[in-house]
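Q: Below is one structure. I have some questions about it.
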Amino acid sequence: MISQESAVPRRKRKTNAFILGIGLTLILSLLAKGLSLFPFLSIMGQLVLAIILGMVYRASVGVPGYIMPGVSFSNKKLLRFGIILLGMRLNLMDIAHAGPKVVLLAAVNITVTIFVVYGLARLLKVDRTMSLMTACGTAICGAAAVVAIAPLIKAKDQETAVSAATVAILGTLFTLIYVGLYPLLGLTNTGYGAFAGGTLHEVAHAIAAAAPGGKEAEDMAVIVKLTRVALLVPVSLCVGYWASRREQEKTHKSKIQIPWFVLGFLLMSAINSLGIIPHAVTAQIINIAYILIAMAMAGLGLNVDFAFFRRNGVKPFAAGLMGSVVLAIMGFVLVHVLGFM
């Protein structure tokens, strides 16, 4: 029989270990934020760097098992809060003012890319879970889309981390390619901004790639990119419904998956669109959102070893690479067809 006196220190040790796990993800997220301020690393962005730092930390230092509950709390619970707060990044009125062609560009790019990347991944014998996460990450908004979709399809932490890292690396690669191709594309600044925002993976990637086109290109890139981010909501609802149907086929129980945190994201976007919160406060909320999501990314990285990444990351990367090429070509054509020139 365990005495009450011995139970108290045990609970205290568990609490301290839990805090240590959360603290480690916080330190890695802040370090990623600092590194993202450097010129080249800014293209990669805080979220990508947080995953990499988590993987490097695990490979070099190791992660004791007793702190993993805190790490898991970061990459599951704090992630949801981060996605909700990230809704403050989106102003729905900007999308409305941009007109229907922006929504059409984003919707076509997302729809075609999801089916193309998912189909290619399945042809390469990638399992359904990683195929869908890679497809949604490539099509919508990079690592943030991957981690938003993951709980709906019951993805494992290692699978989520590999998919998020794969999409993030692809986004960085294509950002560098776009910057090099900018003088050769023959697009106006507005057209180039629509092209970058409509085809690149993360918001940071779209902004970095659009920079050679000046403020006009950057503004258009952000509007188009955030329109794609907004479409994370209907895509998540569709994925939740799809996952529920598959679960029902296996268990014969009807249970609809509703991603409440994504709906929270939409609610925060609506609040921001009303303009009732000062810009300075909104900026701080967005910073907090990215820190929380980066903590989740670091937590995912702490769950992955490089051997697993080598074994399971090559085929999703290949599918994402081919899908990204399709997305870039289609986006370039749509910019012309829809009159962004």
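A note on labels: chains of the structure tokens are A, B, ... as shown, every chain counts residues from 1, and ligands are counted from 1 in their shown order.
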List as a ChimeraX atom specification the protein and nucleic acid residues near A:Phe174, meaning an atom at most 10 Å away when only C-alpha atoms are counted, but skip any in the same chain fewer than 6 places from it.

A: /A:180,196,199-201,205-206,209,321,324-325,328

Q: With all heavy atoms retained, could you export that selection as a PDB file, in the first residue's frame?

A:
```
ATOM      1  N   GLY A 180      14.493  32.688 -58.283  1.00  0.00           N
ATOM      2  CA  GLY A 180      15.392  32.601 -59.426  1.00  0.00           C
ATOM      3  C   GLY A 180      14.673  32.768 -60.758  1.00  0.00           C
ATOM      4  O   GLY A 180      15.217  33.330 -61.713  1.00  0.00           O
ATOM      5  N   ALA A 196       2.656  33.380 -56.739  1.00  0.00           N
ATOM      6  CA  ALA A 196       3.353  32.918 -55.529  1.00  0.00           C
ATOM      7  C   ALA A 196       2.359  32.543 -54.431  1.00  0.00           C
ATOM      8  O   ALA A 196       2.470  31.490 -53.799  1.00  0.00           O
ATOM      9  CB  ALA A 196       4.316  34.001 -55.040  1.00  0.00           C
ATOM     10  N   THR A 199       0.367  29.214 -55.118  1.00  0.00           N
ATOM     11  CA  THR A 199       1.033  27.924 -55.323  1.00  0.00           C
ATOM     12  C   THR A 199       2.033  27.535 -54.236  1.00  0.00           C
ATOM     13  O   THR A 199       2.359  26.345 -54.124  1.00  0.00           O
ATOM     14  CB  THR A 199       1.775  27.925 -56.674  1.00  0.00           C
ATOM     15  OG1 THR A 199       2.716  29.014 -56.709  1.00  0.00           O
ATOM     16  CG2 THR A 199       0.800  28.078 -57.833  1.00  0.00           C
ATOM     17  N   LEU A 200       2.527  28.486 -53.454  1.00  0.00           N
ATOM     18  CA  LEU A 200       3.512  28.139 -52.438  1.00  0.00           C
ATOM     19  C   LEU A 200       2.834  27.663 -51.151  1.00  0.00           C
ATOM     20  O   LEU A 200       1.657  27.892 -50.913  1.00  0.00           O
ATOM     21  CB  LEU A 200       4.461  29.309 -52.176  1.00  0.00           C
ATOM     22  CG  LEU A 200       5.499  29.500 -53.292  1.00  0.00           C
ATOM     23  CD1 LEU A 200       6.281  30.786 -53.092  1.00  0.00           C
ATOM     24  CD2 LEU A 200       6.464  28.310 -53.370  1.00  0.00           C
ATOM     25  N   HIS A 201       3.620  27.026 -50.286  1.00  0.00           N
ATOM     26  CA  HIS A 201       3.059  26.217 -49.220  1.00  0.00           C
ATOM     27  C   HIS A 201       2.722  26.999 -47.953  1.00  0.00           C
ATOM     28  O   HIS A 201       1.622  26.889 -47.422  1.00  0.00           O
ATOM     29  CB  HIS A 201       4.032  25.087 -48.891  1.00  0.00           C
ATOM     30  CG  HIS A 201       4.361  24.229 -50.090  1.00  0.00           C
ATOM     31  ND1 HIS A 201       4.984  24.722 -51.206  1.00  0.00           N
ATOM     32  CD2 HIS A 201       4.142  22.917 -50.349  1.00  0.00           C
ATOM     33  CE1 HIS A 201       5.138  23.760 -52.104  1.00  0.00           C
ATOM     34  NE2 HIS A 201       4.636  22.652 -51.615  1.00  0.00           N
ATOM     35  N   HIS A 205       6.606  31.455 -47.050  1.00  0.00           N
ATOM     36  CA  HIS A 205       7.148  31.154 -48.378  1.00  0.00           C
ATOM     37  C   HIS A 205       6.608  32.127 -49.422  1.00  0.00           C
ATOM     38  O   HIS A 205       7.361  32.629 -50.265  1.00  0.00           O
ATOM     39  CB  HIS A 205       6.771  29.726 -48.785  1.00  0.00           C
ATOM     40  CG  HIS A 205       7.435  28.671 -47.967  1.00  0.00           C
ATOM     41  ND1 HIS A 205       6.865  27.444 -47.728  1.00  0.00           N
ATOM     42  CD2 HIS A 205       8.617  28.655 -47.317  1.00  0.00           C
ATOM     43  CE1 HIS A 205       7.673  26.717 -46.985  1.00  0.00           C
ATOM     44  NE2 HIS A 205       8.738  27.437 -46.721  1.00  0.00           N
ATOM     45  N   ALA A 206       5.298  32.385 -49.374  1.00  0.00           N
ATOM     46  CA  ALA A 206       4.674  33.277 -50.355  1.00  0.00           C
ATOM     47  C   ALA A 206       5.246  34.684 -50.258  1.00  0.00           C
ATOM     48  O   ALA A 206       5.536  35.325 -51.280  1.00  0.00           O
ATOM     49  CB  ALA A 206       3.167  33.307 -50.152  1.00  0.00           C
ATOM     50  N   ALA A 209       8.963  34.684 -51.501  1.00  0.00           N
ATOM     51  CA  ALA A 209       9.070  34.544 -52.956  1.00  0.00           C
ATOM     52  C   ALA A 209       8.596  35.793 -53.675  1.00  0.00           C
ATOM     53  O   ALA A 209       9.128  36.150 -54.740  1.00  0.00           O
ATOM     54  CB  ALA A 209       8.257  33.332 -53.417  1.00  0.00           C
ATOM     55  N   LEU A 321       6.715  16.527 -54.358  1.00  0.00           N
ATOM     56  CA  LEU A 321       7.529  17.236 -55.349  1.00  0.00           C
ATOM     57  C   LEU A 321       6.812  17.270 -56.704  1.00  0.00           C
ATOM     58  O   LEU A 321       6.686  18.331 -57.322  1.00  0.00           O
ATOM     59  CB  LEU A 321       8.888  16.541 -55.492  1.00  0.00           C
ATOM     60  CG  LEU A 321       9.834  17.112 -56.560  1.00  0.00           C
ATOM     61  CD1 LEU A 321      10.183  18.559 -56.259  1.00  0.00           C
ATOM     62  CD2 LEU A 321      11.103  16.253 -56.643  1.00  0.00           C
ATOM     63  N   SER A 324       3.800  19.470 -56.446  1.00  0.00           N
ATOM     64  CA  SER A 324       4.157  20.886 -56.398  1.00  0.00           C
ATOM     65  C   SER A 324       4.474  21.421 -57.792  1.00  0.00           C
ATOM     66  O   SER A 324       4.184  22.581 -58.106  1.00  0.00           O
ATOM     67  CB  SER A 324       5.357  21.101 -55.466  1.00  0.00           C
ATOM     68  OG  SER A 324       5.028  20.780 -54.134  1.00  0.00           O
ATOM     69  N   VAL A 325       5.078  20.582 -58.635  1.00  0.00           N
ATOM     70  CA  VAL A 325       5.353  20.974 -60.021  1.00  0.00           C
ATOM     71  C   VAL A 325       4.030  21.178 -60.770  1.00  0.00           C
ATOM     72  O   VAL A 325       3.853  22.174 -61.485  1.00  0.00           O
ATOM     73  CB  VAL A 325       6.218  19.910 -60.733  1.00  0.00           C
ATOM     74  CG1 VAL A 325       6.322  20.217 -62.227  1.00  0.00           C
ATOM     75  CG2 VAL A 325       7.606  19.840 -60.111  1.00  0.00           C
ATOM     76  N   ALA A 328       2.463  24.393 -59.544  1.00  0.00           N
ATOM     77  CA  ALA A 328       3.132  25.578 -60.090  1.00  0.00           C
ATOM     78  C   ALA A 328       2.709  25.840 -61.536  1.00  0.00           C
ATOM     79  O   ALA A 328       2.404  26.978 -61.914  1.00  0.00           O
ATOM     80  CB  ALA A 328       4.650  25.398 -60.004  1.00  0.00           C
TER      81      ALA A 328
END
```

Q: When you look at A:Tyr192 with a cut-off of 10 Å (counting only C-alpha atoms), what residues show up, excluding the ones that are within fewer than 3 positions of it in the same chain? I need them as number ranges by chain.

A: A: 178, 182, 185-189, 195-198, 209-210, 212-213, 216-218, 220-221, 332, 335, 340-341

Q: Tell me which of A:Ala50, A:Ala243, A:Val233, A:Val56 sits closest to A:Phe261, counting only C-alpha atoms.

A: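 Answer, going by the shortest atom-to-atom distance: A:Val233.
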
Q: Using only C-alpha atoms, which protein or nucleic acid residues come within 12 Å of A:Lys14? Drop anything in the same chain fewer than 2 positions from it, and give the result as number ranges by chain.

A: A: 7-12, 16-21, 65-70

Q: What would the file look like if the residues just selected were written as a tab-separated table (two decimals), in the first residue's frame with N, CA, C and O atoms?

A:
```
chain	number	residue	atom	x	y	z
A	7	ALA	N	3.01	9.40	-2.09
A	7	ALA	CA	2.24	9.72	-3.29
A	7	ALA	C	2.41	11.17	-3.69
A	7	ALA	O	2.42	11.50	-4.87
A	8	VAL	N	2.53	12.07	-2.71
A	8	VAL	CA	2.66	13.51	-3.00
A	8	VAL	C	3.94	13.82	-3.78
A	8	VAL	O	3.90	14.48	-4.81
A	9	PRO	N	5.13	13.33	-3.33
A	9	PRO	CA	6.34	13.58	-4.12
A	9	PRO	C	6.26	12.98	-5.52
A	9	PRO	O	6.78	13.55	-6.48
A	10	ARG	N	5.58	11.83	-5.66
A	10	ARG	CA	5.45	11.22	-6.97
A	10	ARG	C	4.64	12.12	-7.90
A	10	ARG	O	5.00	12.31	-9.07
A	11	ARG	N	3.55	12.66	-7.39
A	11	ARG	CA	2.74	13.58	-8.20
A	11	ARG	C	3.53	14.82	-8.57
A	11	ARG	O	3.44	15.34	-9.67
A	12	LYS	N	4.34	15.27	-7.60
A	12	LYS	CA	5.16	16.47	-7.84
A	12	LYS	C	6.19	16.20	-8.94
A	12	LYS	O	6.43	17.05	-9.80
A	16	ASN	N	6.50	18.14	-12.45
A	16	ASN	CA	7.75	18.78	-12.87
A	16	ASN	C	8.21	18.26	-14.24
A	16	ASN	O	8.67	19.01	-15.09
A	17	ALA	N	8.06	16.94	-14.44
A	17	ALA	CA	8.43	16.35	-15.73
A	17	ALA	C	7.54	16.87	-16.84
A	17	ALA	O	8.00	17.13	-17.96
A	18	PHE	N	6.26	17.02	-16.52
A	18	PHE	CA	5.29	17.54	-17.49
A	18	PHE	C	5.68	18.96	-17.91
A	18	PHE	O	5.70	19.29	-19.10
A	19	ILE	N	6.03	19.79	-16.92
A	19	ILE	CA	6.45	21.16	-17.20
A	19	ILE	C	7.75	21.19	-18.00
A	19	ILE	O	7.92	22.02	-18.91
A	20	LEU	N	8.67	20.27	-17.68
A	20	LEU	CA	9.93	20.20	-18.42
A	20	LEU	C	9.68	19.89	-19.90
A	20	LEU	O	10.33	20.46	-20.78
A	21	GLY	N	8.73	18.99	-20.18
A	21	GLY	CA	8.41	18.65	-21.56
A	21	GLY	C	7.87	19.84	-22.32
A	21	GLY	O	8.29	20.12	-23.45
A	65	GLY	N	12.01	9.61	-21.49
A	65	GLY	CA	10.61	9.24	-21.60
A	65	GLY	C	9.70	9.96	-20.61
A	65	GLY	O	8.52	10.21	-20.92
A	66	TYR	N	10.25	10.33	-19.44
A	66	TYR	CA	9.38	10.91	-18.41
A	66	TYR	C	8.88	12.32	-18.76
A	66	TYR	O	7.92	12.80	-18.15
A	67	ILE	N	9.51	12.99	-19.73
A	67	ILE	CA	9.03	14.33	-20.10
A	67	ILE	C	8.10	14.28	-21.31
A	67	ILE	O	7.55	15.31	-21.72
A	68	MET	N	7.91	13.10	-21.90
A	68	MET	CA	7.11	12.99	-23.12
A	68	MET	C	5.64	13.39	-22.94
A	68	MET	O	5.04	13.90	-23.89
A	69	PRO	N	5.02	13.19	-21.77
A	69	PRO	CA	3.64	13.69	-21.62
A	69	PRO	C	3.53	15.19	-21.86
A	69	PRO	O	2.56	15.66	-22.45
A	70	GLY	N	4.52	15.95	-21.39
A	70	GLY	CA	4.52	17.40	-21.63
A	70	GLY	C	4.73	17.72	-23.09
A	70	GLY	O	4.09	18.64	-23.64
```

Q: Enumerate the residues of stretch 73-216 of chain A with a DSSP assignment of alpha helix (DSSP H), computed from the backbone, and present them as number ranges by chain.

A: A: 73, 79-86, 92-98, 100-123, 128-136, 143-149, 157-185, 189-199, 203-210, 214-216

Q: One decimal, Å: what's the distance from atom CA of A:Asp157 over to atom CA of A:Leu292, could you say?

A: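 If I compute the distance from atom CA of A:Asp157 to atom CA of A:Leu292, I get 16.6 Å.
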